[in-house]
Amino acid sequence: MPESPPIFPPTAEPIVAAGETLESVTRHIASIPLEHPHPKFWWPVFGLSFCLVLLLAVSIGWLFLRGVGAWGINIPVAWGFAIVNFVWWIGIGHAGTFISAILLLLNQQWRTSINRLTEAMTLFAVACAAMFPLLHLGRPQYFYWLLPYPDTMGVWPQFRSPLVWDVFAVSTYGIVSLLFWYVGLLPDLAALRDRAGAASVRGSTPFLSSLRARIYGIMSFGWRGDAHHWQHYEKVYIILAGLATPLVVSVHSIVGLDFAIALVPGWHSTIFPPYFVAGAIYSGFAMVLTLVIPLRRVYHLKNYITTRHLELMAKVLMVTGWIVIYGYYAEFYAAWRSGDIYEAYMAANRAVGPYAPWFWLLVACNLLSPQVLWFKSMRRHTIVLWIISITVNIGMWLERFIIVVTSLHRDFLPSSWGMFHPTFWDWSTFIGTIGFFCALVFLFVRYLPAISMSEMRKLVVHEKESELS
Amino acid sequence: MSGPRTGLIARFESPDAFLAALRRVHDAGYTRLEAFAPYPVEGMDELLRLPPTPVAWIMGAAAIAGSSGAYGLQYWATHDYPINVGGRPLHSWPAFIPITFELTVLTVSITGVVALLWLCGLPRLHHAVFHVRGFEHASQDRFFLRIRAEDPRFDTEKTRALLAATDPEAIEEVPA
């Protein structure tokens with residue numbers, strides 16, 4: 001009798017390279033923060049990022065001196081780059097939570113080797129995002145007026161406004177992402193503490209290893225891998241993942257509602273919350289690829305972040321990309337079928353108005369470029385994938401630009417029409433945050449384990465078991 | 001080393017050997033066991049007879065406190081400073097849901113992490129097991145099983161013999 005094929009054929013390609021052991025995983029991943037390999041890569045890229053951080057500092061300083069007039073915003077386009085960048089950055093953060101929480105709940109084991117890096121990416125992206133609404137306040141020193149506290153004037157925030165929901169959503173998102181990330185780091189910080197003095201760590205002196213052991217030891221809170229602790233730990237971790245899952249959907253839905261609740265044509269649409277969430281995950285996965293492809297090459301992490309990981313991420317990019325395309329379609333369809341002249345004008349203005357070049361660039365970046373990924377060979381071609389990830393990032397930034405600027409610049413009355421021209425300070429603030437983000441990513445890779453060692457160990461043992469069976 | 005000993009600790013190279021030893025010690029009737037592993041090994045909880053962790057209940061209580069607090073805050077604040085927006089009722093509950101949700105998640109998450117540290121007794125930078133030779137591998141690639149001296153069946157010689165029979169890499173005494 002011929003053997004019947006298994007119903008779920010095991011995937012031929014493993015998610016960890018063969019031959020990895022508990023010891024090798026720990027040694028390899030811990031060597032990056034402990035030995036600082038490849039300084040010739042790290043110092044120039046960090047140095048460049050740090051220069052951009054200085055540019056950001058100057059830009060913010062100038063903004064505080066001159067007020068928001070330093071930017072190109074005015075009536076009718078009062079939102080400008082600040083909100084474009086805010087939405088772009090917060091969207092990028094969402095892939096981190098998606099990978100670490102949703103894929104954890106779905107038991108997708110391939111997430112293990114990229115979740116730490118993407119969670120860090122989330123944190124840093126949220127830090128960049130949170131800057132913009134505060135800078136856009138005009139008088140950022142009064143930011144705490146957004147919070148409900150018993151003030152002498154007896155007023156409270158307007159709790160019916162999505163802009164106030166945003167304050168709670170973004171701050172909750174930032175804090176919960178930090179907690180989730182740090183809880184995940186605890187066992188790894190303990191491993192760094194315990195490896196700091198290991199003989200195999202190159203270039204270490206007794207003073208340095210004792211200093212490192214102390215710092216990582218304090219950061220790990222004295223974690224010792226007690227079975228009892230693991231029991232609490234796993235429960236808390238999975239519940240945090242369960243909480244982060246609806247949280248990530250809520251955050252970008254609320255960002256979408258910031259627009260959708262306004263009456264502006266081009267914003268006032270029920271498709272916005274789901275379309276924004278999909279767009280967020282789309283841009284976030286693109287950013288993960290942008291970061292992971294060079295890092296895995298420089299730090300020789302191809303055993304852990306395999307080509308299969310890249311291919312899976314490319315597939316997520318395709319799926320979310322098509323949801324975004326559906327969002328564009330729904331917008332244009334609604335503009336056409338509604339019969340509303342303002343909506344119809346807005347749609348036509350996007351395609352042939354003064355911002356048409358930006359719009360068609362968006363179409364090329366967001367709609368056309370990812371279609372290359374229909375081909376398996378392209379999904380596995382790191383350079384092609386990296387270029388597409390960058391075009392998608394640009395495309396998603398343009399998308400927010402189109403949503404914010406083209407919807408606002410043609411007000412209901414032609415007498416209130418205007419144009420938005422970004423100034424030098426618009427660009428410098430935006431590029432500055434990119435530098436800030438990159439600097440944080442490089443510091444993270446330099447000082448903390450970029451891949452979760454404790455989760456990789458579980459995976460290594462699991463892979464070995466399935467190999468044997 | 002001199003001074004009182006607080007038990008024996010055995011080191012294992014593989015999770016399978018560790019679990020087998022744990023089962024054996026468990027079957028021999030020992031109850032005051034501690035295990036240390038570089039990742040949560042499936043099945044060790046039952047063998048250690050760990051009580052179910054209460055964190056889910058703690059986080060559940062935080063959810064109730066957080067959601068009612070957040071909703072109550074919005075209800076109270078909109079009545080304390082009433083603003084008529086297009087004739088909508090002051091108690092416009094659908095608009096209160098997003099913030100209620102966000103603050104619930106925030107409360108539960110912070111409570112969960114505080115509860116985790118509290119239940120684990122962390123931060124605690126010093127612990128007897130850190131003085132065990134080779135214990136730095138507990139966070140990396142080795143598995144440790146400790147039988148505490150308080151265990152009613154603990155007998156230095158017999159317990160050591162039992163542990164030795166489980167084929168550990170090493171057996172050490174845990175200094176006080």
# chains A, B, ... in the order shown; residues from 1 in each chain; ligands from 1
call {"tool": "residues_around", "arguments": {"residues": "Gly174 of chain A", "least_positions_apart": "5", "cutoff": "8 Å", "atoms": "only C-alpha atoms", "output": "list in words"}}
result
Leu123, Val126 and Ala127 of chain A
call {"tool": "write_last_selection", "arguments": {"atoms": "N, CA, C and O atoms", "output": "PDB file, in the first residue's frame"}}
result
ATOM      1  N   LEU A 123       8.912  51.069  19.558  1.00  0.00           N
ATOM      2  CA  LEU A 123       9.160  52.060  20.597  1.00  0.00           C
ATOM      3  C   LEU A 123       9.757  53.331  20.015  1.00  0.00           C
ATOM      4  O   LEU A 123       9.331  54.442  20.341  1.00  0.00           O
ATOM      5  N   VAL A 126       7.296  55.225  17.877  1.00  0.00           N
ATOM      6  CA  VAL A 126       6.300  55.942  18.682  1.00  0.00           C
ATOM      7  C   VAL A 126       6.934  57.190  19.289  1.00  0.00           C
ATOM      8  O   VAL A 126       6.301  58.249  19.374  1.00  0.00           O
ATOM      9  N   ALA A 127       8.215  57.084  19.680  1.00  0.00           N
ATOM     10  CA  ALA A 127       8.898  58.262  20.232  1.00  0.00           C
ATOM     11  C   ALA A 127       8.953  59.370  19.188  1.00  0.00           C
ATOM     12  O   ALA A 127       8.726  60.545  19.500  1.00  0.00           O
TER      13      ALA A 127
END
call {"tool": "closest_atom_pairs", "arguments": {"of": "chain A", "to": "chain B", "cutoff": "6 Å", "atoms": "only C-alpha atoms", "output": "Markdown table"}}
result
| residue | atom | partner | partner_atom | distance |
| --- | --- | --- | --- | --- |
| A:Leu22 | CA | B:Asp141 | CA | 5.2 |
| A:Glu23 | CA | B:Asp141 | CA | 5.4 |
| A:Arg160 | CA | B:Ala95 | CA | 5.1 |
| A:Trp165 | CA | B:Ile99 | CA | 5.7 |
| A:Ala169 | CA | B:Glu102 | CA | 5.8 |
| A:Thr172 | CA | B:Leu106 | CA | 5.5 |
| A:Ala191 | CA | B:Ser139 | CA | 4.9 |
| A:Asp194 | CA | B:Glu136 | CA | 4.9 |
| A:Phe221 | CA | B:Pro123 | CA | 4.2 |
| A:Gly222 | CA | B:Leu125 | CA | 4.3 |
| A:Gly225 | CA | B:Phe36 | CA | 5.0 |
| A:Asp226 | CA | B:Phe36 | CA | 4.4 |
| A:Ala227 | CA | B:Ala35 | CA | 5.2 |
| A:His229 | CA | B:Cys120 | CA | 5.4 |
| A:Trp230 | CA | B:Pro40 | CA | 5.7 |
| A:His232 | CA | B:Thr53 | CA | 5.8 |
| A:Ser454 | CA | B:Tyr39 | CA | 5.3 |
call {"tool": "residues_around", "arguments": {"residues": "segment 63-70 of chain A", "least_positions_apart": "3", "cutoff": "9 Å", "atoms": "only C-alpha atoms", "output": "PyMOL selection string"}}
result
chain A and resi 58-60+73-74+135-140+423-426
call {"tool": "closest_residue", "arguments": {"among": "A:Leu48, A:Val461, A:Ile451, A:Ile99", "to": "Lys302 of chain A", "atoms": "only C-alpha atoms"}}
result
A:Ile451
call {"tool": "select_by_dssp", "arguments": {"residues": "segment 133-364 of chain A", "states": "alpha helix (DSSP H)", "output": "ChimeraX atom specification"}}
result
/A:133-136,162-195,206-219,227-260,272-298,307-338,341-352,356-362
call {"tool": "residues_around", "arguments": {"residues": "Ser31 of chain A", "least_positions_apart": "6", "cutoff": "12 Å", "atoms": "only C-alpha atoms", "output": "list of chain:residue names"}}
result
A:Glu23, A:Ser24, A:Val25, A:Pro37, A:His38, A:Ala191, A:Leu192, A:Arg195, A:Ala196, A:Gly197, A:Ala198, A:Ala199, A:Ser200, A:Val201, A:Arg202, A:Gly203, A:Ser204, A:Tyr299, A:His300, A:Leu301, A:Val445, A:Arg446, A:Tyr447, A:Leu448, A:Pro449, A:Ala450, A:Ile451, A:Met453
call {"tool": "atom_distance", "arguments": {"atom1": "atom CA of Val155 of chain A", "atom2": "atom CA of Ser68 of chain B"}}
result
21.4 Å
call {"tool": "closest_residue", "arguments": {"among": "B:Pro168, B:Pro175, B:Gly66, B:Pro152", "to": "Phe18 of chain B", "atoms": "only C-alpha atoms"}}
result
B:Pro168
call {"tool": "select_by_dssp", "arguments": {"residues": "segment 5-140 of chain B", "states": "strand (DSSP E or B)", "output": "number ranges by chain"}}
result
B: 5-12, 33-36
call {"tool": "residues_around", "arguments": {"residues": "Val324 of chain A", "least_positions_apart": "4", "cutoff": "8 Å", "atoms": "only C-alpha atoms", "output": "list in words"}}
result
Tyr275, Ala278, Gly279, Thr320 and Tyr328 of chain A
